[in-house]
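Trainee: Structure below; questions to follow.
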Amino acid sequence: MGEKGLFHIELNQRTRRRLHNFRSNKRAYVSLYIFLCVFIISIFAEIVANDKPLLVRFQERFYFPIFKTYFETDFGGEFEFEVEYHDPYMLELIESEGWILWPIIPFKYDTIDYYMDAPAPSPPSGRHWLGTDDQGHDVLAVALYGFRISVVFGIVLTIVSSIIGVSAGAVQGYFGGRVDIVFQRFIEMWASVPTLYLIIILTSVLSPTFGLLLVILLLFNWLSLVGVVRAEFLRVRNFEFVKAARALGVNNVTIIYRHILPNAMVATFTFLPFILNGSIVALTSLDFLGLGLPPGSPSLGRLLAQGKANLQAPWLGITSFAILSIMLSLLIFIGEGFRDAFDPRKEFA
Amino acid sequence: MSLLKVENLAVSFRTAGRVIEAVKSVSFHIEEGETFALVGESGAGKSVTALSIMRLLPEKHVFYPSGSIVYSGKDLMKAPEEVMQHIRGKSIAMIFQEPMTSLNPLHTIEKQINEGLTLHQRFSAAEVRERTIELLKLVQLPEAEERLGAYPHQLSGGQRQRVMIAMALSNEPDLLIADEPTTALDVTIQAEILALLKRLKLRFNMALLLITHDLEIVRKMADRVGVMRAGKIVEQGAAAEVFERPRHEYTKYLLESELREGAVQVKTEGKTVLQTNSLSVAFPIYRGIFRRVKGYVHAVNDVSLKIKAGQTVGLVGESGSGKTTFGLAVLRLISSSGSIRFMERELQNMKGGYVRPLRKEMQIIFQDPFESLNPRLTVGQIIEEGLKVHHIEDSKRSRADIIADVLQEVGLEPDIQSRYPHEFSGGQRQRICISRTLVLKPKFLVLDEPTSSLDMSVQTQIIQLLKKLQRKYHLAYLFISHDLKVVRSISHYILVIRQGDIIEYGPTEKIFASPEHQYTRSLLRAAFDFETSS
């Protein structure tokens with residue numbers, strides 16, 4: 001059994017035990033299943049909800065409008081414009097010599113439907129399953145794209161801020177003493193900066209984008225894990241197996257990664273679902289206040305704001321509320337399941 | 001009629017779908033004023049038996065498949081909770097092993113003793129105070145009156161155990177259950193507490209149910225003894241009878257596993273492996289806002305010793321005497337002053353990078369085998385780590401083979417490499433710790449109380465293993481322990497240390513036969529005769 005063999009066996013045994021633990025938590029398992037389904041659908045949102053057809057058959061040839069830009073002249077039109085497939089004139093042109101395969105939702109988040117049967121915001125109908133907002137955007141399309149952007153934002157923010165937070169906590173806890181004190185004071189000062197004001201000021205000076213919002217929220221989000229990880233490190237570093245490793249001549253970096261970090265990760269895992277949800281809510285609330293993503297982006301926060309502005313159109317508020325609350329609950333359930341699966345007390349039972 | 005009669009008691013626990021039978025069949029009785037000892041190794045079910053007498057086990061998880069517990073005519077197993085509350089503390093009292101966690105750290109000792117008094121009896125405030133002082137004087141707490149307002153952390157371990165006893169005695173119980181009352185204490189304090197219990201027992205005419213793993217204590221204290229193993233009493237009878245003529249195999253085994261023989265015979269004098277010259281360790285005390293050094297705690301003062309290959313030096317002292325600190329300082333795991341010569345090279349002031357390759361020659365084994373193995377690494381990975389750090393390769397054999405050999409050497413199966421530490425018992429874990437150091441082929445080992453958290457019979461096996469390895473590889477040991485019996489069985493030389501100062505240093509036989517210093521004498525008396533110097 002070589003080095004690889006050892007590692008291989010460890011992975012197998014441990015992963016199997018964790019997987020088993022996770023599966024035995026029915027609620028988490030079902031939540032993960034539902035969440036993954038929705039998330040995978042939302043990853044392919046361009047195919048599910050788009051104002052361009054999936055496939056066009058015209059004069060014995062196939063066209064793929066989602067992947068390629070066609071001009072009206074391609075379909076026998078008169079101008080060198082990009083095809084507007086909802087335009088009745090174009091529809092007539094194409095369907096006279098072929099057919100069109102539409103996505104399930106034939107609208108994108110920013111498609112303004114000029115051919116609605118009711119004035120915007122229009123109530124749910126066969127054409128718009130969850131109605132439209134007051135600018136004629138399809139609510140379901142907005143929700144789908146908004147869900148994707150929220151989850152991706154949340155996951156990226158969580159991962160990056162966890163890496164920073166865990167590293168900072170690890171350094172503080174492991175080295176202790178002066179390093180710890182200096183860091184602690186810095187963190188106390190940093191944490192007392194009024195975050196919201198800073199964000200308002202920054203977003204009014206710079207034009208907010210996905211990346212910029214990520215950086216701004218990151219500035220403060222990493223703090224949440226530092227304390228926990230630091231405390232775990234302070235505890236674990238005094239264990240005798242750490243002393244034994246030092247007596248073997250193992251260097252500090254290896255001790256941190258191999259001996260302390262895995263033992264300190266349980267506390268981190270406990271916090272992760274809450275950090276993830278916090279990140280999503282942070283983005284949503286900024287969008288709700290109008291300080292978030294640039295106008296025209298699909299966003300659950302903006303949809304929520306629409307619902308507030310148009311109380312006569314309850315489908316706006318209800319949709320955004322339902323999506324947010326279901327998404328956040330699912331994530332918490334999944335997080336709980338992961339945490340329990342990684343809990344060494346259960347793992348070793 | 002017996003004071004307490006336990007018949008055919010069985011106790012099981014329900015956890016996560018499984019049923020664990022902690023006690024299978026236990027019957028014994030205790031007469032008034034008698035001392036009955038339950039002796040056995042950890043996991044035998046001694047404490048569970050005691051707790052079920054008090055009905056203190058978690059009601060949700062515990063059930064009793066059979067048995068009865070009759071206390072002066074009352075069946076305690078069927079008694080309603082109100083009756084039990086009346087019996088607990090009033091008729092049957094209990095003291096526990098760990099005096100630090102058995103006292104509430106947020107209350108003064110006066111308040112804690114008062115609680116027991118006022119629960120069961122009517123007293124005026126003045127009477128309660130008077131009675132508390134009386135109790136504290138009875139358990140010989142020095143300056144009892146001034147100590148009423150003290151919090152547990154202001155007392156030493158022995159003093160805390162005295163307070164626990166005072167609490168237990170506050171209502172003059174008929175039966176006192178003492179669950180390993182001295183295990184966490186130093187030898188001299190252990191002797192004092194046992195003497196105190198003996199005296200109080202006579203004075204109050206109490207019966208005493210003593211639970212312990214230490215046969216020596218049983219020999220000194222008990223009238224009758226029950227030997228427990230795996231939830232059953234395998235032998236019981238008068239203490240003298242059981243010790244003289246043990247009938248059951250297990251009792252014989254326990255008695256035989258007491259350490260008797262001495263250190264490994266060395267034929268040729270080896271080279272000097274380690275020599276320290278006035279080694280001192282001082283911890284700075286920081287005060288004030290700027291954390292300036294305002295003084296030093298001297299943990300080790302001017303300790304000089306020499307250890308030759310194949311030799312063991314026993315370092316003996318009570319807790320807080322600086323034994324462990326010295327052990328860590330010798331390996332340069334904490335900073336110190338004075339000279340440390342290892343294999344004829346001066347370690348002190350050597351740069352870290354130069355010490356690292358030497359680390360494979362000098363290793364340490366710790367007391368607690370549960371804490372000294374990383375729970376998230378496999379046994380193979382744990383042992384392999386040293387090989388990785390020191391880039392030890394063998395062109396002919398893989399590392400896994402080297403590890404398998406070492407595991408066999410310490411008496412473990414070679415195929416346990418992919419298993420995790422939690423799957424092993426304390427003794428097996430300690431063997432894993434030994435193999436972790438042994439794989440590097442060290443010349444010098446610091447053994448920091450390697451057996452004190454193990455059962456008696458396992459302790460003997462580990463000591464025998466260490467001696468076997470010493471004989472085979474000519475290892476030099478620095479054996480740190482508070483247990484004089486263990487130290488005697490392995491050491492060639494003994495160094496007695498108190499508060500960082502050397503008290504006495506000499507060959508083992510000489511120290512045990514004719515100790516020169518008063519302190520050494522009192523240590524020996526406390527350890528072997530449970531006598532106190534006072």
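Going by the structure tokens order, chains are called A, B, ..., each with residues numbered from 1, while ligands are numbered from 1 in the order shown.
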Show me, as a list in words, the residues that have an atom within 9 Å of Ile334 of chain A when counting only C-alpha atoms, minus same-chain residues fewer than 3 positions from it.

Mentor: Arg27, Ala28, Tyr29, Val30, Ser31, Leu32, Phe35, Pro273, Ser329, Leu330, Leu331, Gly337, Phe338 and Arg339 of chain A

Trainee: Could you turn the residues from that selection into a file that holds C-alpha atoms, as a compact mmCIF listing (two decimals), in the first residue's frame?

Mentor:
```
# COMPACT_ATOMS: atom_id res chain seq x y z
CA ARG A 27 -35.12 16.92 4.95
CA ALA A 28 -31.64 18.00 3.89
CA TYR A 29 -31.52 15.39 1.16
CA VAL A 30 -34.85 16.40 -0.35
CA SER A 31 -33.90 20.08 -0.05
CA LEU A 32 -30.64 19.49 -1.87
CA PHE A 35 -32.41 23.11 -4.93
CA PRO A 273 -25.28 28.13 5.65
CA SER A 329 -35.08 27.76 3.73
CA LEU A 330 -33.72 25.15 1.33
CA LEU A 331 -30.20 26.48 1.77
CA GLY A 337 -27.41 18.43 6.68
CA PHE A 338 -23.85 19.14 5.59
CA ARG A 339 -22.89 20.30 9.04
```

Trainee: Under the rule of at most 7 Å, produce a per-residue listing of chain B near chain A: chain, number, name, the closest pair of atoms, and the distance in Å, as CSV, using only C-alpha atoms.

Mentor:
```
residue,atom,partner,partner_atom,distance
B:Arg356,CA,A:Gly249,CA,5.2
B:Arg359,CA,A:Gly249,CA,5.7
B:Lys360,CA,A:Leu248,CA,6.3
B:Gln363,CA,A:Ala247,CA,6.2
B:Ile364,CA,A:Ala247,CA,6.7
B:Phe366,CA,A:Glu240,CA,6.9
B:Glu371,CA,A:Glu240,CA,5.5
B:Ser372,CA,A:Phe241,CA,3.8
B:Leu373,CA,A:Phe241,CA,5.0
B:Asn374,CA,A:Phe241,CA,5.7
B:Gly386,CA,A:Leu248,CA,5.8
B:Val389,CA,A:Val250,CA,6.0
B:Ser398,CA,A:Gly2,CA,6.6
B:Ala400,CA,A:Met1,CA,5.9
B:Ser418,CA,A:Leu6,CA,6.8
```

Trainee: Where does DSSP see helix (DSSP H, G or I) in segment 149-329 of chain A, if you list the residues as a count of residues only?

Mentor: 152

Trainee: Might you pull out every residue within 8 Å of segment 295-303 of chain B, with only C-alpha atoms counted and same-chain residues fewer than 4 positions away left off, and present them as a ChimeraX atom specification?

Mentor: /B:276-286,321-322,325-326,338,499-502

Trainee: Those residues you just picked out, can you put them in a file as a compact mmCIF listing (two decimals), in the first residue's frame with C-alpha atoms?

Mentor:
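Written out: again.txt:
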```txt
# COMPACT_ATOMS: atom_id res chain seq x y z
CA THR B 276 21.64 19.21 31.13
CA ASN B 277 23.55 21.73 33.12
CA SER B 278 21.65 24.11 35.40
CA LEU B 279 18.64 24.10 33.12
CA SER B 280 16.06 26.67 34.21
CA VAL B 281 12.70 27.67 32.86
CA ALA B 282 11.05 30.91 33.89
CA PHE B 283 7.71 32.16 32.64
CA PRO B 284 7.42 35.95 32.57
CA ILE B 285 4.48 37.60 34.33
CA TYR B 286 2.99 40.45 32.36
CA SER B 321 6.44 20.67 40.43
CA GLY B 322 7.76 21.46 36.94
CA THR B 325 8.00 21.76 31.86
CA PHE B 326 11.43 20.22 32.26
CA GLY B 338 21.27 26.70 30.83
CA GLN B 499 8.55 23.42 42.83
CA GLY B 500 11.26 23.32 40.21
CA ASP B 501 14.09 22.45 42.59
CA ILE B 502 15.97 19.17 42.77
```

Trainee: What is the distance between atom CA of Gly173 of chain A and atom CA of Phe271 of chain A, in Å to one decimal?

Mentor: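 Pair atom CA of Gly173 of chain A / atom CA of Phe271 of chain A returns 17.9 Å.
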
Trainee: For Val38 of chain A, list every protein, DNA or RNA residue within 10 Å, evaluated using only C-alpha atoms, and leave out those in the same chain fewer than 6 positions away; present the list as a PyMOL selection string.

Mentor: chain A and resi 32+144+147-148+327

Trainee: So that I can check the surroundings of segment 244-253 of chain B, please list as a list in words every protein, DNA and RNA residue that reaches within 10 Å of it, counting only C-alpha atoms and ignoring chain neighbours fewer than 6 positions away.

Mentor: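 Non-adjacent residues within range: Val39, Gly40, Gly226, Val227, Met228, Arg229, Val234, Glu235, Gln236, Gly237 and Ser457 of chain B.
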
Trainee: Quick one: of A:Glu60, A:Asp287, A:Ile318, A:Gly301, who's nearest to Pro208 of chain A, counting only C-alpha atoms?

Mentor: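 Of A:Glu60, A:Asp287, A:Ile318, A:Gly301, the one nearest Pro208 of chain A is A:Asp287, counting only C-alpha atoms.
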
Trainee: Per DSSP on the backbone, filter segment 111-214 of chain B down to the residues in strand (DSSP E or B) and report them as a list in words.

Mentor: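 Residues of segment 111-214 of chain B classed as strand (DSSP E or B): Leu175, Leu176, Ile177, Ala178, Asp179, Ala207, Leu208, Leu209, Leu210, Ile211 and Thr212 of chain B.
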
Trainee: Pick from B:Thr188, B:Ser66, B:Thr460, B:Gln265: nearest to Glu318 of chain B, with only C-alpha atoms counted?

Mentor: B:Thr188

Trainee: Within 12 Å of Glu78 of chain A, counting only C-alpha atoms, which residues qualify if same-chain residues fewer than 6 places away don't, as a ChimeraX atom specification?

Mentor: /A:71-72,89-90,93

Trainee: Find the residues near Val458 of chain B: any atom within 12 Å, counting only C-alpha atoms, skip ones fewer than 3 places away on the same chain, and give them as number ranges by chain.

Mentor: B: 41-42, 253-254, 256-259, 425-431, 450-455, 461-465

Trainee: Please measure the separation of atom CA of Val486 of chain B and atom CA of Thr101 of chain B, giving the value in Å to one decimal.

Mentor: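 Here the two named atoms are 27.6 Å from each other.
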
Trainee: Record the distance separating atom CA of Met100 of chain B and atom CA of Gln161 of chain B, expressed in Å with one decimal.

Mentor: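 According to the coordinates, atom CA of Met100 of chain B and atom CA of Gln161 of chain B are separated by 8.4 Å.
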